[in-house]
Every structure is written in C-alpha cells, then in structure tokens.
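Undergrad: Here it is, the structure, as structure tokens.
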Amino acid sequence: ETGVTQSPTHLIKTRGQQVTLRCSSQSGHNTVSWYQQALGQGPQFIFQYYREEENGRGNFPPRFSGLQFPNYSSELNVNALELDDSALYLCASTAQRGAQETQYFGPGTRLLVL
Amino acid sequence: QKEVEQDPGPLSVPEGAIVSLNCTYSNSAFQYFMWYRQYSRKGPELLMYTYSSGNKEDGRFTAQVDKSSKYISLFIRDSQPSDSATYLCAMSSGGSYIPTFGRGTSLIVHP
C-alpha cells in the first residue's frame with residue numbers, strides 16, 4: 001500500500017452542485033498533487049500543493065480549487081459541477097525514494113455527475 | 001497531436017509471452033520517463049523510472065528510452081495473468097515533478 005488514502009470512494013452529484021474530495025498522505029510527504037482521470041484516459045494534472053501553497057496548475061478552470069493542511073491532508077473542491085467532470089480523481093503525494101522523487105497515488109474517488 | 005501517444009489496446013497475450021508496450025512523445029524537453037501499472041479500481045503504481053536515454057531492468061521488466069526517436073518501451077518477460085492491468089507511460093522535464101501521462105494500454109494475459 002502507498003499510505004495515501006482518499007474519501008469518499010464513490011460519489012454521485014447533479015450538475016451545478018459543489019463537491020469536496022479528501023486525501024490523506026504520509027507524514028513528511030510535503031507535496032500533494034491532484035489528477036483527473038476520465039474513462040479510458042491517462043491522469044490529467046489539476047494542481048500541486050507544497051507546504052500548503054499552490055505550486056503548479058494544469059489546464060483546469062478556477063472552479064477547481066484546493067487546500068493542503070499541516071497534517072498532510074488535502075482537499076479538492078469543484079464548484080458548478082458539469083457532466084464532463086465525471087471521472088476518477090486521484091491524489092498523489094511525492095516523497096524522496098533513494099535518489100529520485102516518487103509519486104504515491106491513492107485509490108481515487110470516482111465521481112459521477114448526472 | 002497529443003504530447004504523449006499510447007495505443008490503448010487491448011493487448012491480449014498468452015501466459016509466458018514477452019509483452020512490448022510503447023509510447024511516443026513530441027516534447028524534446030522530457031528527461032524523466034516512468035511506467036505505471038494501474039489495476040482496475042486502483043490508483044497507478046510506479047513500476048519503472050528512467051532518466052534520459054538507455055535501458056533499465058528490474059526483474060521481469062525492462063524499460064528502454066530512445067530520446068533521438070522520442071520513443072519509450074516497456075518489456076515484460078514471462079508474462080503472468082497477474083500482470084493484467086492498464087500500463088501508463090508518463091514523462092516530465094526537469095524541475096518540478098509534474099508528469100504528463102499517456103492514455104494507458106490495457107494488457108490481458110490469459111492462462
């Protein structure tokens with residue numbers, strides 16, 4: 001296991017609603033990234049947080065926002081949900097493994113927007 | 001054209017076969033190349049990590065990078081049914097670790 005947990009595992013929302021997804025990583029993993037993985041596609045980078053500050057952002061609109069907390073947990077918030085937001089949302093924490101940085105992924109939250 | 005191209009498959013092989021999975025890319029700034037394995041209903045798991053061109057071997061897995069052709073490969077020897085999963089290639093440039101993923105290739109190894 002990677003030590004990265006996500007909640008909830010599944011979620012159903014309707015268009016226009018707001019959703020909060022949660023992630024908890026291991027102690028000492030200061031960097032957390034969020035990805036969106038649509039069915040049959042690879043993960044798409046949403047944003048990254050390092051020590052509670054946004055440290056990089058992919059091509060996602062501002063209605064996708066996040067927070068990172070001192071206890072190595074983080075949140076992804078999505079406002080005004082659209083049908084195309086239906087996907088698997090993955091959280092990944094980054095840690096040094098030997099000489100390289102390695103991302104450890106959680107199992108994901110599967111979001112369905114109706 | 002996407003930055004990273006990967007055939008989605010599915011690729012179906014008999015147990016014991018040698019499997020070859022490939023990705024091409026267009027961004028010459030990519031220096032770090034990764035292969036992830038993703039089982040159904042799980043997050044991706046890092047299998048192999050290579051810096052720049054060359055080969056890297058780990059057990060039954062061999063990763064190859066040819067930067068001149070912008071082409072990377074993952075070989076799996078003596079494939080097992082437990083290798084059945086989606087294999088994602090990913091790559092990044094120097095600096096912050098933000099990989100660009102391919103869409104994944106679905107591999108089915110049948111007994």
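So you can find residues: chains in the structure tokens are A, B, ... in the order shown, residues in each start at 1, and ligands are numbered from 1 in order.
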Neighbours of stretch 1-6 of chain B within 8 Å (only C-alpha atoms; same-chain residues fewer than 2 positions away dropped), as number ranges by chain?
TA: B: 8, 22-27, 89-90, 100-105
Undergrad: With only C-alpha atoms considered, list every residue of chain B at most 12 Å from chain A, as a PyMOL selection string.
TA: chain B and resi 2+4-10+32-51+86-90+92+94-106
Undergrad: Excluding stretch 65-77 of chain A and residues on its chain fewer than 5 positions from it, collect all residues at most 7 Å away from it, counting only C-alpha atoms, and give them as a list in words.
TA: Val19, Thr20, Leu21, Arg22, Cys23, Ser24, Ser25, Gln26, Ser27, His29, Asn30, Tyr49 and Glu52 of chain A
Undergrad: Need to verify the contact set: stretch 75-80 of chain B, 10 Å, only C-alpha atoms, exclusion of same-chain residues closer than 3 positions in sequence. Can you return it as a VMD selection string?
TA: chain B and resid 13 to 22 57 to 64 83 to 84 108 to 111
